Every structure is written in C-alpha cells, then in structure tokens.
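Colleague: Pasting in a structure now, in structure tokens, and then I'll have a few things to ask.
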Amino acid sequence: MIHLQQVSKLYRTDRVETTALDNINLEIGKGEFISVMGPSGCGKSTLLNLMGLLDAPSSGSVALDGKAIDRYGDRALSRVRNERIGFIFQQFHLVPDLSVVDNVEIPLLYRRMSNKERRKAALAALDRVGLGSRTHHFPTQLSGGQQQRVAIARAIVGRPNILLADEPTGNLDSQMGDEIMGILEDLNQKEGTTIVMVTHDPRMADKTHRVVRLFDGRQVQ
Amino acid sequence: MFAARTPEVHADRMLGVYRLTLQGKDDTETSQPGYGFLDRWVRPMAKLPSVERIAFVTEAQTVVSYLNGRKIQSALRRADGEFWRVLDFDFVEGGPYTVADDQAGRFVAVINETTRERFFGGRPAMGKTIEADGQRFRVVGVVRDVPVLRFSSSADLWVPVTTAKTSAYKEEWLGNFYALILARSHADLPQIKAEVQSRLREAEKQLPDPKTFKHLYTGADTLFEGAARMFLPAGGAVANPGARLQAALLALMLGFMLLPTINLVNINLSRILDRASEIGVRRAFGASSRTLVGQLLIENLVLTLIGAVLGLVLALGVLRAFNVSGLIAHTQFQLNFRIFFYGLAIAVFFGLFSGVYPAWRMSKLHPVQALRGRSA
C-alpha cells in the first residue's frame, strides 16, 4: 500500500547539510499496523511526513498503491491527503477557536458535500471515539486524552484507509494512552485501516504488527 | 454641496466667476471679482445665444442689527434681480424682488425663515421692516433656510445690489462679487468657459493699473471648480482648479487608505504567524495552497464588509450629531448611498489588496514547518 524505495531526505542550510533519512526501503501492506521507533532526531517524524505526502524526499520515491507521487502537484497531493490519509499529532493540533465538531469537520470542508452531511459524519466520528456528548465544547475545555480523541475523530471522519500517528500517546498518561491505543487497534481490526504510528513507548509498539527501527536516519530493523 | 439642489437646481448648467487674480511683476492680488470688472466683461455675455441669464451677487457679509436692545448677527448678500431667476429658492412667503426693484434702488429684502424667527418670532414678515447694517428694508419674501455650504447663494437676508451705501463698487475689478451664469444647456458650458477666457485676454489689454499688473486670470467654473479655486492659493490663476482639487482629494484618499492597508498587511502577516499550526492542519487534511489563499481573501473581505457596516452606522451617528449640533448653519447632512457604495467598493478593493501579500506568503508556507508553528 505504501512503498518507499531508496528514500533519503537531506536538510540543507547555508552552513550544514543534515541527513534526516538515508536510503530507506519500506513496504507497508494494506491493513497493517506498524510502529516506528528510534531515539529523538533519528528521522521518525520525517519518515511519517514523507508517507503523508507533507514533504518530498530528496531522492528515492514514495508510492501509494503502486503509483509514484513524485510528480504530483499541490492540488493532486492535497486531494490524496484529503481522501486517503488521516493524521494524528502528538500536540493534537486542534484549532482553538473552533468547537469540537467544527474541528472534526475540517477534512470534509475540502470535499463536495452538504453542511448537513458534513455535520452528520463529524458527529458519527465523535461517537466512534466516545465523545458524542462534547460536540460543542472547545478544545481548551477538554482533557489531553479527550483532545486526542477529537484529533482521532478528525483523522477518521473522511474514512481514509491510512492513518499516520505521530506519537499519539506521547502527551498522555498511561491510562489515557491505553484508551487511545485501544481506539487505534479497533480501527485497524474492525475497519482494516492501515496505521503507521511513531512511538517512543515499547509497550505501545508491542501492540502493533511490526516495528520499524530507525537510528541516525537509517533503518536498522 | 455641489449637487443640483435648491436653490442651485440648475447646477448642471450653471457657471460662476468666483475668483480673480491680477498679476504683476512684483505684486499679485487675488480675491472675488469686483462689480466693475463683471459689469464690463461678463455681463455682455448675457446676449450670447448659449447664455440664458447672468446674475451678480456679493459674498455673504456679517451685519449687525439691534432689536429691543438685543444684538442679532446675520449674513447679508446684495444681489441683483436676475439672481432670483438664476437660482430657484423655496419661498414660504411673498416672492423675490425684481430687476426693476434693483435698478430703482428700492430698499426691499428677502429673508430666510431663521431671520423671520429672530426678528418676528416666526410670525408672517411680509411688508414688515427689518433693519440691517444700519439700513431699513421692507420684507417682500421669505425663503426656506439655505445651508451655508451653498457658498454662492446662502444668506439670512438678500437685498438689491443698488442699496449699497456707496457706489464705489461699480468701478472695482477686485471686490466681493460673484457672477452666476446660467447656460441654456449643459452642452453650452465649454463654449461659455472659452468665451470668458477670450474676453479675459481683451480685458488684460485694458487693466485699471497696467503699471502694477500685467496679467488677469479667472475662469467660469462649476460649483465644484469654484470651491476648488477658493481653496487654492492664487486660485484665480489656476487653469483647471477642479482637476487639481480632485487630484489632491485622490492623493489624500490614497494616503488615508494606504496607511490602514499597510497596517492590515502587517496584521494579516501576524495572523498567519499565529495560525501557522492551523494552516499546517488544514494543509495536512487536504487544503491546497489555492484553497487557503481563497480562504484568507474571503476572511479579509468579510472583515472589510463588517468594517463597512460599522462605518455606515458610525457615519449615520456622526451626521446626526452634526445636524443636531447646528455647527454648520441650516445644514442637514444626509447619507449619500452612491458615495457610500463608492467608498465601500474602494474599501473592498483595499481589503482584498491587503490580503494578497499575506495570502501569497501563506501559500509558500511548508505544511511541516507550519505544523511546527513556524511561519517561514
């Protein structure tokens, strides 16, 4: 489903050149739940950004369902992100001025559908993560765990078949982390969603099908 | 102020000679034209087929009256009989004095409602006597108040030119008179303007003080051009005062609009900085650069329109306060929706304009950087 071939990513500034990823080859199959582990700065988030088409590799290629996306323009990439990929971030990245349900609706704003359909889908996604009673709250009125659930609802509202989660439990205590992990496992098992999760937590990684380990930008396992 | 309203109902086919400049090597004098100049060089134009009639009227001067020991100040104009036929006042009592009254030097007066109120307590004034500037006039007509911004017509009382205390005005080239020229049609105005210039060149050959003054400048102006000529230094000598004033007002408007625009650009840039994370999220969930640019421009437009509505409410409040205050005598300001919509169009343009650069900056924002909360 996601295929990375000889992918490298370099960051250049005036003085230094940093290799964030070095010759990564990775195949992620449909319905897989994999975790990416490694020390800070080893390139985990960069790898996730490349898979999520938020960034382009310096060399190598990224393909989705066998289609290389190297030559996709901004609009085409945006469309693929919108229809096929959902993101969950460690910092949640909820828009503070929008209510919970409005936050969840964000991905659907970029699709052709009525307000009614959009609202219905958002409420269903919130129900799915157990937050059906908090729809009109604002993010600041919620706990960290609840905010992450909203972020998951936002990620799944468009029914993408790939979820990319960047340390989704990193800012949560273990109980809340387990709850979030439960939701992700459920999505993977019941809906067949392909999930790639960056984590530092071996306990969480153990619950996934496979672990990809990175060190200094290289894949070590 | 310049529109065709009572009494200048024919403003679209009316010109005035409002200002005159005499220029010499060492000396330049600018003021209203004198009766002598107008009588000799402008009055004969009444015979032109394109001219319907010509009236002479002085600037309004403040005169003092005493009524039962009470001091009353009024604005007085001396106008000839044609004045009442060039302009169309709204009479509430009687009527205007005539050309014959003026020629005969009759001490008659037309007063406005405010003067009637002050002198006669609002009771009918026809036939009664009013004292002003040490002279006594019989009231022959009462008109509705004219806003003081109507600079060629407004006054509290109007009396014949010939009632002036001396006849020295008859010789003056510079004085305190206006000539109001009523054309037969709007299309005749350029021809009349050209004719005034042509007569001016003739007049220049017969200047009253040729040793001091060599050149003579004036023009037949619309109300707007006339007002412009009054604002401009050495206004009599300016060839196209209306265009000058328009350019100055345009520059002023641009200045007024550019400052908030620059401010708005900065505000928009900081908004992007503040909303970098939101922009990153929207990009991640499928918003293209183009969509986000559109979003920012629409946000700007909505803010501009909200500003316009607030501006409209504020303008109505200020105009009402102005009208109640009586700061400008007899003036009732009203909102001109045509001007408001012009203003709105300009505001919308600058509103969008101020969003273009920030939107362009936003379109260059890398989603990964944006998610990290960085704007560059």
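Identifiers in this document derive from the order of the structure tokens: chains are assigned A, B, ..., residues are numbered from 1 separately in each chain, and ligands are numbered from 1 in order of occurrence.
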Report as a PyMOL selection string the set of chain B residues whose atoms approach chain A to within 12 Å, with distances computed over only C-alpha atoms.
Modeller: chain B and resi 274-292+295+363-373
Colleague: Considering only C-alpha atoms, return as a VMD selection string whatever protein or nucleic-acid residues lie within 12 Å of B:Gln135, sequence-local ones (same chain, fewer than 2 positions apart) excluded.
Modeller: chain B and resid 63 to 66 76 106 to 109 129 to 133 137 to 138 159 163 to 165
Colleague: Among stretch 147-328 of chain B, which residues does DSSP mark as alpha helix (DSSP H) when it is run on the backbone? Keep the chain and numbering as in the structure and answer as a VMD selection string.
Modeller: chain B and resid 189 to 204 223 to 231 241 to 274 276 to 284 289 to 325
Colleague: Quick one: residues within 6 Å of stretch 5-14 of chain B, only C-alpha atoms counted, chain neighbours fewer than 3 positions away excluded, as a list in words?
Modeller: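 After dropping sequence-adjacent residues, the list is Leu87, Asp88, Phe89, Ile181, Leu182, Ala183, Ser185 and His186 of chain B.
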Colleague: Run DSSP on the backbone and tell me which residues of stretch 78-191 of chain A come out as strand (DSSP E or B); list them as number ranges by chain.
Modeller: A: 85-88, 162-166
Colleague: What is the atom CA of B:Asp80 to atom CA of B:Gly219 distance in Å?
Modeller: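 Computed distance, atom CA of B:Asp80 to atom CA of B:Gly219, equals 21.1 Å.
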Colleague: Neighbouring residues of B:Val356 were defined as those with any atom within 12 Å, considering only C-alpha atoms; residues of the same chain fewer than 3 positions away were excluded. Please report them as an NGL selection string.
Modeller: :B and (261-262 or 264-266 or 268-269 or 290 or 292-301 or 349-353 or 359-363)
Colleague: So that I can see what lies close to stretch 318-327 of chain B, please list as an mmCIF file with N, CA and C atoms, in the first residue's frame the residues with an atom at most 12 Å from it, counting only C-alpha atoms and leaving out residues fewer than 6 positions away in the same chain.
Modeller:
data_model
loop_
_atom_site.group_PDB
_atom_site.id
_atom_site.type_symbol
_atom_site.label_atom_id
_atom_site.label_comp_id
_atom_site.auth_asym_id
_atom_site.auth_seq_id
_atom_site.Cartn_x
_atom_site.Cartn_y
_atom_site.Cartn_z
ATOM 1 N N PRO B 147 -28.414 75.966 3.378
ATOM 2 C CA PRO B 147 -27.182 75.619 4.108
ATOM 3 C C PRO B 147 -26.030 76.558 3.751
ATOM 4 N N VAL B 148 -25.219 76.887 4.742
ATOM 5 C CA VAL B 148 -24.117 77.830 4.482
ATOM 6 C C VAL B 148 -23.091 77.238 3.506
ATOM 7 N N LEU B 149 -23.109 75.913 3.350
ATOM 8 C CA LEU B 149 -22.158 75.307 2.409
ATOM 9 C C LEU B 149 -22.480 75.682 0.962
ATOM 10 N N GLY B 311 -18.776 51.301 9.719
ATOM 11 C CA GLY B 311 -18.533 52.645 9.185
ATOM 12 C C GLY B 311 -19.840 53.341 8.852
ATOM 13 N N LEU B 312 -20.771 52.566 8.273
ATOM 14 C CA LEU B 312 -22.069 53.127 7.902
ATOM 15 C C LEU B 312 -22.815 53.599 9.149
ATOM 16 N N PHE B 333 -27.172 67.187 6.988
ATOM 17 C CA PHE B 333 -26.395 66.190 6.250
ATOM 18 C C PHE B 333 -27.207 64.906 6.128
ATOM 19 N N GLN B 334 -27.106 64.324 4.966
ATOM 20 C CA GLN B 334 -27.768 63.032 4.757
ATOM 21 C C GLN B 334 -26.738 62.081 4.187
ATOM 22 N N LEU B 335 -26.969 60.805 4.435
ATOM 23 C CA LEU B 335 -26.042 59.818 3.890
ATOM 24 C C LEU B 335 -26.301 59.687 2.393
ATOM 25 N N ASN B 336 -25.223 59.860 1.623
ATOM 26 C CA ASN B 336 -25.348 59.687 0.176
ATOM 27 C C ASN B 336 -24.938 58.251 -0.147
#
Colleague: List the neighbours of B:Gln32 out to 9 Å using only C-alpha atoms; skip same-chain residues closer than 3 positions along the sequence, and give me the result as a PyMOL selection string.
Modeller: chain B and resi 17-21+58-59+173-178+236
Colleague: Please dump the current selection as a PDB file, in the first residue's frame; keep N, CA and C atoms.
Modeller:
ATOM      1  N   VAL B  17     -18.263  83.036 -11.978  1.00  0.00           N
ATOM      2  CA  VAL B  17     -16.926  83.641 -11.934  1.00  0.00           C
ATOM      3  C   VAL B  17     -16.738  84.025 -10.469  1.00  0.00           C
ATOM      4  N   TYR B  18     -15.928  83.232  -9.792  1.00  0.00           N
ATOM      5  CA  TYR B  18     -15.860  83.339  -8.339  1.00  0.00           C
ATOM      6  C   TYR B  18     -14.570  83.981  -7.834  1.00  0.00           C
ATOM      7  N   ARG B  19     -13.568  83.998  -8.678  1.00  0.00           N
ATOM      8  CA  ARG B  19     -12.249  84.396  -8.190  1.00  0.00           C
ATOM      9  C   ARG B  19     -11.513  85.108  -9.316  1.00  0.00           C
ATOM     10  N   LEU B  20     -10.706  86.077  -8.953  1.00  0.00           N
ATOM     11  CA  LEU B  20      -9.965  86.819  -9.968  1.00  0.00           C
ATOM     12  C   LEU B  20      -8.556  87.086  -9.447  1.00  0.00           C
ATOM     13  N   THR B  21      -7.573  86.924 -10.307  1.00  0.00           N
ATOM     14  CA  THR B  21      -6.193  87.213  -9.909  1.00  0.00           C
ATOM     15  C   THR B  21      -5.611  88.262 -10.848  1.00  0.00           C
ATOM     16  N   THR B  58     -23.107  89.406  -4.136  1.00  0.00           N
ATOM     17  CA  THR B  58     -21.892  89.555  -3.319  1.00  0.00           C
ATOM     18  C   THR B  58     -21.693  88.314  -2.458  1.00  0.00           C
ATOM     19  N   GLU B  59     -20.508  88.245  -1.905  1.00  0.00           N
ATOM     20  CA  GLU B  59     -20.258  87.271  -0.846  1.00  0.00           C
ATOM     21  C   GLU B  59     -21.143  87.636   0.331  1.00  0.00           C
ATOM     22  N   TRP B 173     -12.419  96.235  -9.901  1.00  0.00           N
ATOM     23  CA  TRP B 173     -12.096  94.990 -10.625  1.00  0.00           C
ATOM     24  C   TRP B 173     -11.960  93.841  -9.630  1.00  0.00           C
ATOM     25  N   LEU B 174     -11.389  94.154  -8.481  1.00  0.00           N
ATOM     26  CA  LEU B 174     -11.347  93.167  -7.400  1.00  0.00           C
ATOM     27  C   LEU B 174     -12.333  93.639  -6.342  1.00  0.00           C
ATOM     28  N   GLY B 175     -13.168  92.743  -5.881  1.00  0.00           N
ATOM     29  CA  GLY B 175     -14.172  93.170  -4.922  1.00  0.00           C
ATOM     30  C   GLY B 175     -14.719  92.000  -4.155  1.00  0.00           C
ATOM     31  N   ASN B 176     -16.064  91.930  -4.056  1.00  0.00           N
ATOM     32  CA  ASN B 176     -16.645  90.799  -3.336  1.00  0.00           C
ATOM     33  C   ASN B 176     -17.880  90.264  -4.052  1.00  0.00           C
ATOM     34  N   PHE B 177     -17.816  90.310  -5.377  1.00  0.00           N
ATOM     35  CA  PHE B 177     -18.962  89.836  -6.165  1.00  0.00           C
ATOM     36  C   PHE B 177     -18.681  88.493  -6.827  1.00  0.00           C
ATOM     37  N   TYR B 178     -19.745  87.777  -7.113  1.00  0.00           N
ATOM     38  CA  TYR B 178     -19.703  86.611  -7.992  1.00  0.00           C
ATOM     39  C   TYR B 178     -20.622  86.907  -9.170  1.00  0.00           C
ATOM     40  N   GLY B 236      -7.316  82.241  -8.688  1.00  0.00           N
ATOM     41  CA  GLY B 236      -7.764  82.827  -9.939  1.00  0.00           C
ATOM     42  C   GLY B 236      -6.910  82.426 -11.111  1.00  0.00           C
TER      43      GLY B 236
END
